[in-house]
file query.pdb (PDB, C-alpha atoms, pLDDT in the B column)
ATOM      1  CA  MET A 284     126.067 -69.821 -73.761  1.00 48.00           C
ATOM      2  CA  ALA A 285     128.859 -68.130 -75.700  1.00 43.00           C
ATOM      3  CA  ASP A 286     130.620 -65.130 -74.160  1.00 44.00           C
ATOM      4  CA  THR A 287     129.639 -62.082 -76.254  1.00 45.00           C
ATOM      5  CA  THR A 288     131.699 -59.573 -74.258  1.00 46.00           C
ATOM      6  CA  PRO A 289     133.742 -57.526 -76.767  1.00 53.00           C
ATOM      7  CA  LEU A 290     137.518 -57.931 -76.571  1.00 56.00           C
ATOM      8  CA  VAL A 291     139.314 -54.802 -75.444  1.00 59.00           C
ATOM      9  CA  SER A 292     142.886 -53.564 -75.513  1.00 62.00           C
ATOM     10  CA  GLU A 293     144.871 -52.828 -72.357  1.00 54.00           C
ATOM     11  CA  SER A 294     143.626 -49.224 -72.545  1.00 57.00           C
ATOM     12  CA  GLY A 295     139.997 -50.344 -72.660  1.00 65.00           C
ATOM     13  CA  THR A 296     139.429 -49.577 -76.357  1.00 68.00           C
ATOM     14  CA  PRO A 297     137.286 -52.263 -78.048  1.00 71.00           C
ATOM     15  CA  LEU A 298     139.121 -54.422 -80.562  1.00 64.00           C
ATOM     16  CA  ILE A 299     137.196 -54.512 -83.833  1.00 60.00           C
ATOM     17  CA  LYS A 300     137.785 -57.193 -86.478  1.00 53.00           C
ATOM     18  CA  VAL A 301     138.333 -55.226 -89.680  1.00 51.00           C
ATOM     19  CA  ALA A 302     139.123 -57.949 -92.238  1.00 50.00           C
ATOM     20  CA  GLU A 303     139.419 -61.687 -92.727  1.00 44.00           C
ATOM     21  CA  LYS A 304     142.928 -63.002 -93.353  1.00 46.00           C
ATOM     22  CA  THR A 305     143.685 -65.558 -96.047  1.00 49.00           C
ATOM     23  CA  THR A 306     146.869 -67.485 -96.724  1.00 50.00           C
ATOM     24  CA  THR A 307     148.900 -66.301 -99.726  1.00 55.00           C
ATOM     25  CA  PRO A 308     150.855 -69.045-101.510  1.00 58.00           C
ATOM     26  CA  THR A 309     154.637 -68.632-101.146  1.00 61.00           C
ATOM     27  CA  THR A 310     154.943 -68.763-104.943  1.00 68.00           C
ATOM     28  CA  ASP A 311     152.804 -65.619-105.267  1.00 67.00           C
ATOM     29  CA  ARG A 312     155.234 -62.736-104.791  1.00 72.00           C
ATOM     30  CA  ARG A 313     152.841 -59.956-105.773  1.00 75.00           C
ATOM     31  CA  ILE A 314     152.445 -57.266-103.145  1.00 68.00           C
ATOM     32  CA  LYS A 315     149.000 -57.310-101.613  1.00 65.00           C
ATOM     33  CA  VAL A 316     147.495 -53.987-100.488  1.00 63.00           C
ATOM     34  CA  VAL A 317     144.695 -54.174 -97.940  1.00 64.00           C
ATOM     35  CA  ASN A 318     142.690 -50.990 -97.467  1.00 69.00           C
ATOM     36  CA  VAL A 319     141.272 -50.472 -93.996  1.00 78.00           C
ATOM     37  CA  ASP A 320     138.515 -47.936 -93.465  1.00 90.00           C
ATOM     38  CA  LYS A 321     139.949 -46.239 -90.382  1.00 95.00           C
ATOM     39  CA  LYS A 322     136.888 -44.047 -89.969  1.00 97.00           C
ATOM     40  CA  ALA A 323     134.608 -47.078 -89.892  1.00 96.00           C
ATOM     41  CA  VAL A 324     136.884 -48.787 -87.374  1.00 97.00           C
ATOM     42  CA  ARG A 325     136.939 -45.701 -85.162  1.00 97.00           C
ATOM     43  CA  ARG A 326     133.167 -45.432 -85.366  1.00 97.00           C
ATOM     44  CA  ALA A 327     132.704 -49.120 -84.528  1.00 97.00           C
ATOM     45  CA  GLN A 328     135.031 -48.838 -81.540  1.00 97.00           C
ATOM     46  CA  ASN A 329     133.114 -45.824 -80.270  1.00 98.00           C
ATOM     47  CA  GLU A 330     129.833 -47.717 -80.708  1.00 98.00           C
ATOM     48  CA  GLU A 331     131.235 -50.396 -78.408  1.00 98.00           C
ATOM     49  CA  LEU A 332     132.446 -47.827 -75.868  1.00 98.00           C
ATOM     50  CA  LEU A 333     128.980 -46.280 -75.895  1.00 98.00           C
ATOM     51  CA  LYS A 334     127.622 -49.579 -74.542  1.00 97.00           C
ATOM     52  CA  ASN A 335     129.789 -49.334 -71.428  1.00 98.00           C
ATOM     53  CA  VAL A 336     127.626 -48.579 -68.371  1.00 98.00           C
ATOM     54  CA  ASN A 337     130.111 -46.111 -66.856  1.00 98.00           C
ATOM     55  CA  ILE A 338     130.592 -44.222 -70.116  1.00 98.00           C
ATOM     56  CA  LYS A 339     126.834 -43.983 -70.684  1.00 98.00           C
ATOM     57  CA  ALA A 340     126.344 -42.682 -67.139  1.00 98.00           C
ATOM     58  CA  PHE A 341     129.140 -40.140 -67.599  1.00 98.00           C
ATOM     59  CA  LEU A 342     127.597 -38.911 -70.850  1.00 98.00           C
ATOM     60  CA  GLY A 343     124.256 -38.489 -69.100  1.00 98.00           C
ATOM     61  CA  MET A 344     125.993 -36.524 -66.373  1.00 98.00           C
ATOM     62  CA  ILE A 345     127.590 -34.216 -68.965  1.00 98.00           C
ATOM     63  CA  VAL A 346     124.202 -33.548 -70.568  1.00 98.00           C
ATOM     64  CA  TRP A 347     122.814 -32.727 -67.106  1.00 97.00           C
ATOM     65  CA  ALA A 348     125.780 -30.426 -66.376  1.00 97.00           C
ATOM     66  CA  GLU A 349     125.489 -28.649 -69.720  1.00 96.00           C
ATOM     67  CA  GLY A 350     121.776 -28.152 -69.118  1.00 92.00           C
ATOM     68  CA  GLY A 351     120.643 -28.534 -72.702  1.00 89.00           C
ATOM     69  CA  GLY A 352     119.200 -31.124 -75.045  1.00 95.00           C
ATOM     70  CA  TYR A 353     119.912 -32.713 -78.400  1.00 97.00           C
ATOM     71  CA  ASP A 354     117.965 -29.931 -80.157  1.00 97.00           C
ATOM     72  CA  PHE A 355     119.601 -26.944 -78.419  1.00 97.00           C
ATOM     73  CA  MET A 356     121.636 -24.274 -80.161  1.00 97.00           C
ATOM     74  CA  TYR A 357     123.693 -21.844 -78.090  1.00 95.00           C
ATOM     75  CA  GLY A 358     121.340 -19.613 -76.118  1.00 94.00           C
ATOM     76  CA  ALA A 359     118.252 -21.841 -76.250  1.00 94.00           C
ATOM     77  CA  ILE A 360     116.075 -21.719 -73.153  1.00 91.00           C
ATOM     78  CA  LYS A 361     115.546 -25.030 -71.400  1.00 87.00           C
ATOM     79  CA  GLY A 362     111.878 -25.925 -71.163  1.00 85.00           C
ATOM     80  CA  LYS A 363     110.732 -23.531 -73.891  1.00 89.00           C
ATOM     81  CA  LYS A 364     109.644 -25.769 -76.756  1.00 87.00           C
ATOM     82  CA  ASN A 365     109.078 -22.961 -79.255  1.00 90.00           C
ATOM     83  CA  ASP A 366     112.432 -21.271 -78.642  1.00 94.00           C
ATOM     84  CA  LYS A 367     113.753 -20.182 -82.048  1.00 94.00           C
ATOM     85  CA  TRP A 368     117.224 -21.365 -81.032  1.00 96.00           C
ATOM     86  CA  ARG A 369     116.068 -24.971 -80.843  1.00 96.00           C
ATOM     87  CA  PHE A 370     116.410 -26.919 -84.096  1.00 96.00           C
ATOM     88  CA  THR A 371     114.641 -29.830 -85.777  1.00 96.00           C
ATOM     89  CA  ASP A 372     116.958 -30.443 -88.746  1.00 97.00           C
ATOM     90  CA  TYR A 373     119.595 -32.984 -87.676  1.00 98.00           C
ATOM     91  CA  SER A 374     121.074 -33.422 -91.163  1.00 98.00           C
ATOM     92  CA  THR A 375     124.049 -31.193 -90.312  1.00 98.00           C
ATOM     93  CA  HIS A 376     125.473 -29.037 -87.532  1.00 98.00           C
ATOM     94  CA  PRO A 377     123.062 -26.124 -86.940  1.00 98.00           C
ATOM     95  CA  GLY A 378     125.774 -23.439 -86.750  1.00 97.00           C
ATOM     96  CA  PRO A 379     125.787 -20.253 -84.608  1.00 97.00           C
ATOM     97  CA  GLY A 380     123.170 -19.708 -81.941  1.00 97.00           C
ATOM     98  CA  ARG A 381     121.674 -16.692 -80.236  1.00 96.00           C
ATOM     99  CA  ASP A 382     124.797 -14.515 -80.337  1.00 96.00           C
ATOM    100  CA  HIS A 383     125.229 -15.343 -84.064  1.00 96.00           C
ATOM    101  CA  HIS A 384     128.807 -16.357 -83.296  1.00 96.00           C
ATOM    102  CA  THR A 385     129.068 -19.254 -80.815  1.00 97.00           C
ATOM    103  CA  THR A 386     128.449 -22.608 -82.509  1.00 98.00           C
ATOM    104  CA  ALA A 387     128.046 -24.780 -79.387  1.00 97.00           C
ATOM    105  CA  ALA A 388     124.995 -26.958 -79.983  1.00 98.00           C
ATOM    106  CA  GLY A 389     123.251 -30.149 -78.948  1.00 98.00           C
ATOM    107  CA  ALA A 390     123.261 -32.137 -75.739  1.00 98.00           C
ATOM    108  CA  TYR A 391     127.026 -31.767 -75.267  1.00 98.00           C
ATOM    109  CA  GLN A 392     127.301 -28.236 -76.684  1.00 97.00           C
ATOM    110  CA  ILE A 393     129.482 -29.472 -79.554  1.00 98.00           C
ATOM    111  CA  THR A 394     131.006 -26.685 -81.650  1.00 98.00           C
ATOM    112  CA  LYS A 395     131.061 -26.864 -85.416  1.00 98.00           C
ATOM    113  CA  GLY A 396     134.842 -27.340 -85.329  1.00 98.00           C
ATOM    114  CA  THR A 397     134.541 -30.283 -82.933  1.00 98.00           C
ATOM    115  CA  TRP A 398     131.807 -31.798 -85.117  1.00 98.00           C
ATOM    116  CA  GLU A 399     134.036 -31.488 -88.205  1.00 98.00           C
ATOM    117  CA  ASP A 400     137.058 -32.921 -86.386  1.00 98.00           C
ATOM    118  CA  HIS A 401     135.517 -35.802 -84.432  1.00 98.00           C
ATOM    119  CA  GLY A 402     132.420 -36.459 -86.521  1.00 98.00           C
ATOM    120  CA  ILE A 403     133.497 -36.001 -90.138  1.00 98.00           C
ATOM    121  CA  LYS A 404     137.266 -36.422 -90.006  1.00 97.00           C
ATOM    122  CA  MET A 405     137.530 -39.184 -87.399  1.00 97.00           C
ATOM    123  CA  MET A 406     134.346 -41.203 -88.018  1.00 98.00           C
ATOM    124  CA  GLY A 407     133.000 -40.194 -91.432  1.00 97.00           C
ATOM    125  CA  LEU A 408     129.724 -38.911 -89.990  1.00 98.00           C
ATOM    126  CA  SER A 409     128.004 -35.947 -91.601  1.00 96.00           C
ATOM    127  CA  ASP A 410     124.750 -35.509 -89.665  1.00 98.00           C
ATOM    128  CA  PHE A 411     124.080 -34.133 -86.185  1.00 98.00           C
ATOM    129  CA  SER A 412     121.542 -36.673 -84.966  1.00 98.00           C
ATOM    130  CA  PRO A 413     121.304 -37.495 -81.251  1.00 98.00           C
ATOM    131  CA  HIS A 414     123.250 -40.726 -81.816  1.00 98.00           C
ATOM    132  CA  THR A 415     125.959 -38.863 -83.742  1.00 98.00           C
ATOM    133  CA  GLN A 416     126.201 -36.375 -80.879  1.00 98.00           C
ATOM    134  CA  ASP A 417     126.684 -39.293 -78.464  1.00 98.00           C
ATOM    135  CA  LEU A 418     129.416 -40.799 -80.643  1.00 98.00           C
ATOM    136  CA  ILE A 419     131.222 -37.473 -80.943  1.00 98.00           C
ATOM    137  CA  ALA A 420     131.104 -37.020 -77.160  1.00 98.00           C
ATOM    138  CA  VAL A 421     132.584 -40.513 -76.773  1.00 98.00           C
ATOM    139  CA  ASP A 422     135.320 -39.652 -79.271  1.00 98.00           C
ATOM    140  CA  VAL A 423     136.136 -36.439 -77.389  1.00 98.00           C
ATOM    141  CA  LEU A 424     136.350 -38.394 -74.116  1.00 98.00           C
ATOM    142  CA  ARG A 425     138.480 -40.992 -75.863  1.00 98.00           C
ATOM    143  CA  ARG A 426     140.944 -38.418 -77.169  1.00 97.00           C
ATOM    144  CA  MET A 427     141.248 -37.039 -73.629  1.00 97.00           C
ATOM    145  CA  LYS A 428     141.795 -40.623 -72.371  1.00 97.00           C
ATOM    146  CA  ALA A 429     138.755 -40.220 -70.133  1.00 98.00           C
ATOM    147  CA  THR A 430     137.210 -43.412 -71.560  1.00 98.00           C
ATOM    148  CA  ASP A 431     140.197 -45.370 -70.228  1.00 97.00           C
ATOM    149  CA  ALA A 432     139.520 -43.974 -66.757  1.00 98.00           C
ATOM    150  CA  LEU A 433     135.793 -44.720 -66.963  1.00 98.00           C
ATOM    151  CA  VAL A 434     136.285 -48.315 -68.098  1.00 97.00           C
ATOM    152  CA  ASN A 435     138.298 -48.717 -64.882  1.00 97.00           C
ATOM    153  CA  SER A 436     135.653 -46.875 -62.794  1.00 98.00           C
ATOM    154  CA  ASN A 437     138.091 -43.999 -62.156  1.00 98.00           C
ATOM    155  CA  PHE A 438     135.584 -41.149 -61.944  1.00 98.00           C
ATOM    156  CA  LEU A 439     138.059 -38.575 -60.623  1.00 98.00           C
ATOM    157  CA  GLY A 440     140.479 -39.298 -63.450  1.00 98.00           C
ATOM    158  CA  ALA A 441     137.676 -38.951 -65.985  1.00 98.00           C
ATOM    159  CA  MET A 442     136.551 -35.624 -64.492  1.00 98.00           C
ATOM    160  CA  GLN A 443     140.084 -34.237 -64.555  1.00 98.00           C
ATOM    161  CA  ARG A 444     140.342 -35.025 -68.265  1.00 98.00           C
ATOM    162  CA  ALA A 445     136.782 -34.146 -69.290  1.00 98.00           C
ATOM    163  CA  SER A 446     136.999 -30.757 -67.584  1.00 98.00           C
ATOM    164  CA  TYR A 447     139.185 -29.550 -70.474  1.00 97.00           C
ATOM    165  CA  PRO A 448     136.519 -29.718 -73.206  1.00 97.00           C
ATOM    166  CA  TRP A 449     133.537 -29.156 -70.866  1.00 98.00           C
ATOM    167  CA  ALA A 450     133.666 -25.990 -68.769  1.00 96.00           C
ATOM    168  CA  SER A 451     130.596 -27.128 -66.810  1.00 97.00           C
ATOM    169  CA  LEU A 452     132.630 -29.835 -65.035  1.00 98.00           C
ATOM    170  CA  GLU A 453     134.699 -29.248 -61.902  1.00 98.00           C
ATOM    171  CA  GLN A 454     138.215 -30.679 -62.118  1.00 96.00           C
ATOM    172  CA  GLY A 455     138.022 -32.344 -58.725  1.00 96.00           C
ATOM    173  CA  PRO A 456     136.576 -31.868 -55.209  1.00 97.00           C
ATOM    174  CA  GLY A 457     136.718 -28.163 -54.323  1.00 96.00           C
ATOM    175  CA  ILE A 458     139.090 -27.252 -57.162  1.00 95.00           C
ATOM    176  CA  GLY A 459     136.723 -25.420 -59.481  1.00 95.00           C
ATOM    177  CA  ASN A 460     136.567 -25.650 -63.249  1.00 96.00           C
ATOM    178  CA  ARG A 461     139.267 -24.750 -65.751  1.00 96.00           C
ATOM    179  CA  TYR A 462     137.397 -21.702 -67.038  1.00 94.00           C
ATOM    180  CA  PRO A 463     136.571 -19.523 -63.985  1.00 89.00           C
ATOM    181  CA  LYS A 464     134.345 -17.099 -65.904  1.00 89.00           C
ATOM    182  CA  GLN A 465     131.901 -19.873 -66.763  1.00 92.00           C
ATOM    183  CA  PRO A 466     129.471 -21.566 -64.346  1.00 94.00           C
ATOM    184  CA  TYR A 467     130.042 -25.208 -63.449  1.00 97.00           C
ATOM    185  CA  ARG A 468     128.571 -28.107 -61.510  1.00 97.00           C
ATOM    186  CA  LYS A 469     130.336 -29.131 -58.307  1.00 98.00           C
ATOM    187  CA  TYR A 470     132.293 -32.359 -58.346  1.00 98.00           C
ATOM    188  CA  GLN A 471     130.213 -34.053 -55.657  1.00 98.00           C
ATOM    189  CA  ASP A 472     126.982 -33.195 -57.488  1.00 98.00           C
ATOM    190  CA  CYS A 473     128.429 -34.618 -60.714  1.00 98.00           C
ATOM    191  CA  LEU A 474     129.462 -37.792 -58.897  1.00 98.00           C
ATOM    192  CA  ALA A 475     125.975 -38.145 -57.389  1.00 98.00           C
ATOM    193  CA  LYS A 476     124.332 -37.734 -60.820  1.00 98.00           C
ATOM    194  CA  TYR A 477     126.777 -40.212 -62.384  1.00 98.00           C
ATOM    195  CA  LYS A 478     125.950 -42.828 -59.755  1.00 98.00           C
ATOM    196  CA  GLU A 479     122.241 -42.094 -60.099  1.00 98.00           C
ATOM    197  CA  LEU A 480     122.572 -42.950 -63.792  1.00 98.00           C
ATOM    198  CA  GLY A 481     124.208 -46.297 -62.989  1.00 98.00           C
ATOM    199  CA  GLY A 482     127.904 -45.398 -63.034  1.00 98.00           C
ATOM    200  CA  GLU A 483     130.431 -47.051 -60.738  1.00 98.00           C
ATOM    201  CA  ALA A 484     133.247 -45.142 -59.048  1.00 97.00           C
ATOM    202  CA  LYS A 485     136.111 -46.632 -57.075  1.00 91.00           C
TER     203      LYS A 485
END
call {"tool": "encode", "arguments": {"input": "query.pdb", "output": "structure tokens"}}
result
Amino acid sequence: MADTTPLVSESGTPLIKVAEKTTTPTTDRRIKVVNVDKKAVRRAQNEELLKNVNIKAFLGMIVWAEGGGYDFMYGAIKGKKNDKWRFTDYSTHPGPGRDHHTTAAGAYQITKGTWEDHGIKMMGLSDFSPHTQDLIAVDVLRRMKATDALVNSNFLGAMQRASYPWASLEQGPGIGNRYPKQPYRKYQDCLAKYKELGGEAK
């Protein structure tokens, strides 16, 4: 059986084949311009990272720590299906929530600015579907180099990096989060949830 494991770089980022190469005759001196869709490549790489067991477990842990769901706007009440701050239109980012100002929304409490940066600018995505939310969360972790740590089962390293964008995560055992005014989940509880979801930690 052929090995279907995706090739990865030294940092753990999947290597995606973006174009077939052909030989140009030496007599043809015309300059060839090859356009590469960087957004599509970035999206494809993140799709591959999303398949990683540790990354999937870490994402599930973040959703648990944030305490929301894919259809939550800021201020939605967990468990209340008819909450007016829960949304059903995933065609775009839902915008401000209960305080009419904070735009954190979805399973990872992604702000509109983060959606525009990581979703539209980096991957060419324009909706806010659950899968898009997952890809954006992967891209955020990737920018923080937390995906590198997770590929190598370095949970502590991932927590230290992911605690910047997610206030609900403790930086490390007994350290607290980076935003003291906001509540957070303790490191050991996060580790237990991560392992429960199938993640490996060295």
call {"tool": "closest_residue", "arguments": {"input": "query.pdb", "among": "A:Thr385, A:Thr371, A:Asn337, A:Gln465", "to": "Gly352 in chain A", "atoms": "only C-alpha atoms"}}
result
A:Thr371
call {"tool": "closest_residue", "arguments": {"input": "query.pdb", "among": "A:Tyr391, A:Gly358, A:Val434, A:Asn329", "to": "Glu483 in chain A", "atoms": "only C-alpha atoms"}}
result
A:Val434
call {"tool": "resolve_selection", "arguments": {"input": "query.pdb", "expression": "the PyMOL selection byres ((chain A and resi 353-357) around 6)", "output": "number ranges by chain"}}
result
A: 352, 358-359, 368-370, 380-381, 387-390, 413
call {"tool": "residues_around", "arguments": {"input": "query.pdb", "residues": "range 395-409 of chain A", "least_positions_apart": "3", "cutoff": "6 Å", "atoms": "only C-alpha atoms", "output": "list in words"}}
result
Lys322, Arg325, Arg326, Thr386 and Ile419 of chain A
call {"tool": "residues_around", "arguments": {"input": "query.pdb", "residues": "Pro456 in chain A", "least_positions_apart": "5", "cutoff": "12 Å", "atoms": "all atoms listed in the file", "output": "list in words"}}
result
Phe438, Leu439, Gly440, Met442, Gln443, Arg468, Lys469, Tyr470, Gln471, Asp472, Cys473 and Leu474 of chain A
call {"tool": "write_last_selection", "arguments": {"input": "query.pdb", "atoms": "C-alpha atoms", "output": "short mmCIF file (atom, residue, chain, number, x, y, z; two decimals), keeping the file's coordinate frame"}}
result
data_model
loop_
_atom_site.label_atom_id
_atom_site.label_comp_id
_atom_site.auth_asym_id
_atom_site.auth_seq_id
_atom_site.Cartn_x
_atom_site.Cartn_y
_atom_site.Cartn_z
CA PHE A 438 135.58 -41.15 -61.94
CA LEU A 439 138.06 -38.58 -60.62
CA GLY A 440 140.48 -39.30 -63.45
CA MET A 442 136.55 -35.62 -64.49
CA GLN A 443 140.08 -34.24 -64.56
CA ARG A 468 128.57 -28.11 -61.51
CA LYS A 469 130.34 -29.13 -58.31
CA TYR A 470 132.29 -32.36 -58.35
CA GLN A 471 130.21 -34.05 -55.66
CA ASP A 472 126.98 -33.20 -57.49
CA CYS A 473 128.43 -34.62 -60.71
CA LEU A 474 129.46 -37.79 -58.90
#
call {"tool": "residues_around", "arguments": {"input": "query.pdb", "residues": "Lys464 in chain A", "least_positions_apart": "3", "cutoff": "12 Å", "atoms": "all atoms listed in the file", "output": "PyMOL selection string"}}
result
chain A and resi 450-451+459-461+467
call {"tool": "atom_distance", "arguments": {"input": "query.pdb", "atom1": "CA of Thr394 in chain A", "atom2": "CA of Phe341 in chain A"}}
result
19.5 Å
call {"tool": "resolve_selection", "arguments": {"input": "query.pdb", "expression": "the PyMOL selection byres ((chain A and resi 334) around 12)", "output": "number ranges by chain"}}
result
A: 288-289, 296-297, 327-333, 335-342, 417-418, 421, 430, 434
call {"tool": "atom_distance", "arguments": {"input": "query.pdb", "atom1": "CA of Gln392 in chain A", "atom2": "CA of Gly351 in chain A"}}
result
7.8 Å
call {"tool": "atom_distance", "arguments": {"input": "query.pdb", "atom1": "CA of Gln416 in chain A", "atom2": "CA of Gly455 in chain A"}}
result
25.4 Å
call {"tool": "resolve_selection", "arguments": {"input": "query.pdb", "expression": "the PyMOL selection byres ((chain A and resi 480) around 8)", "output": "ChimeraX atom specification"}}
result
/A:340,343-344,476-479,481-482
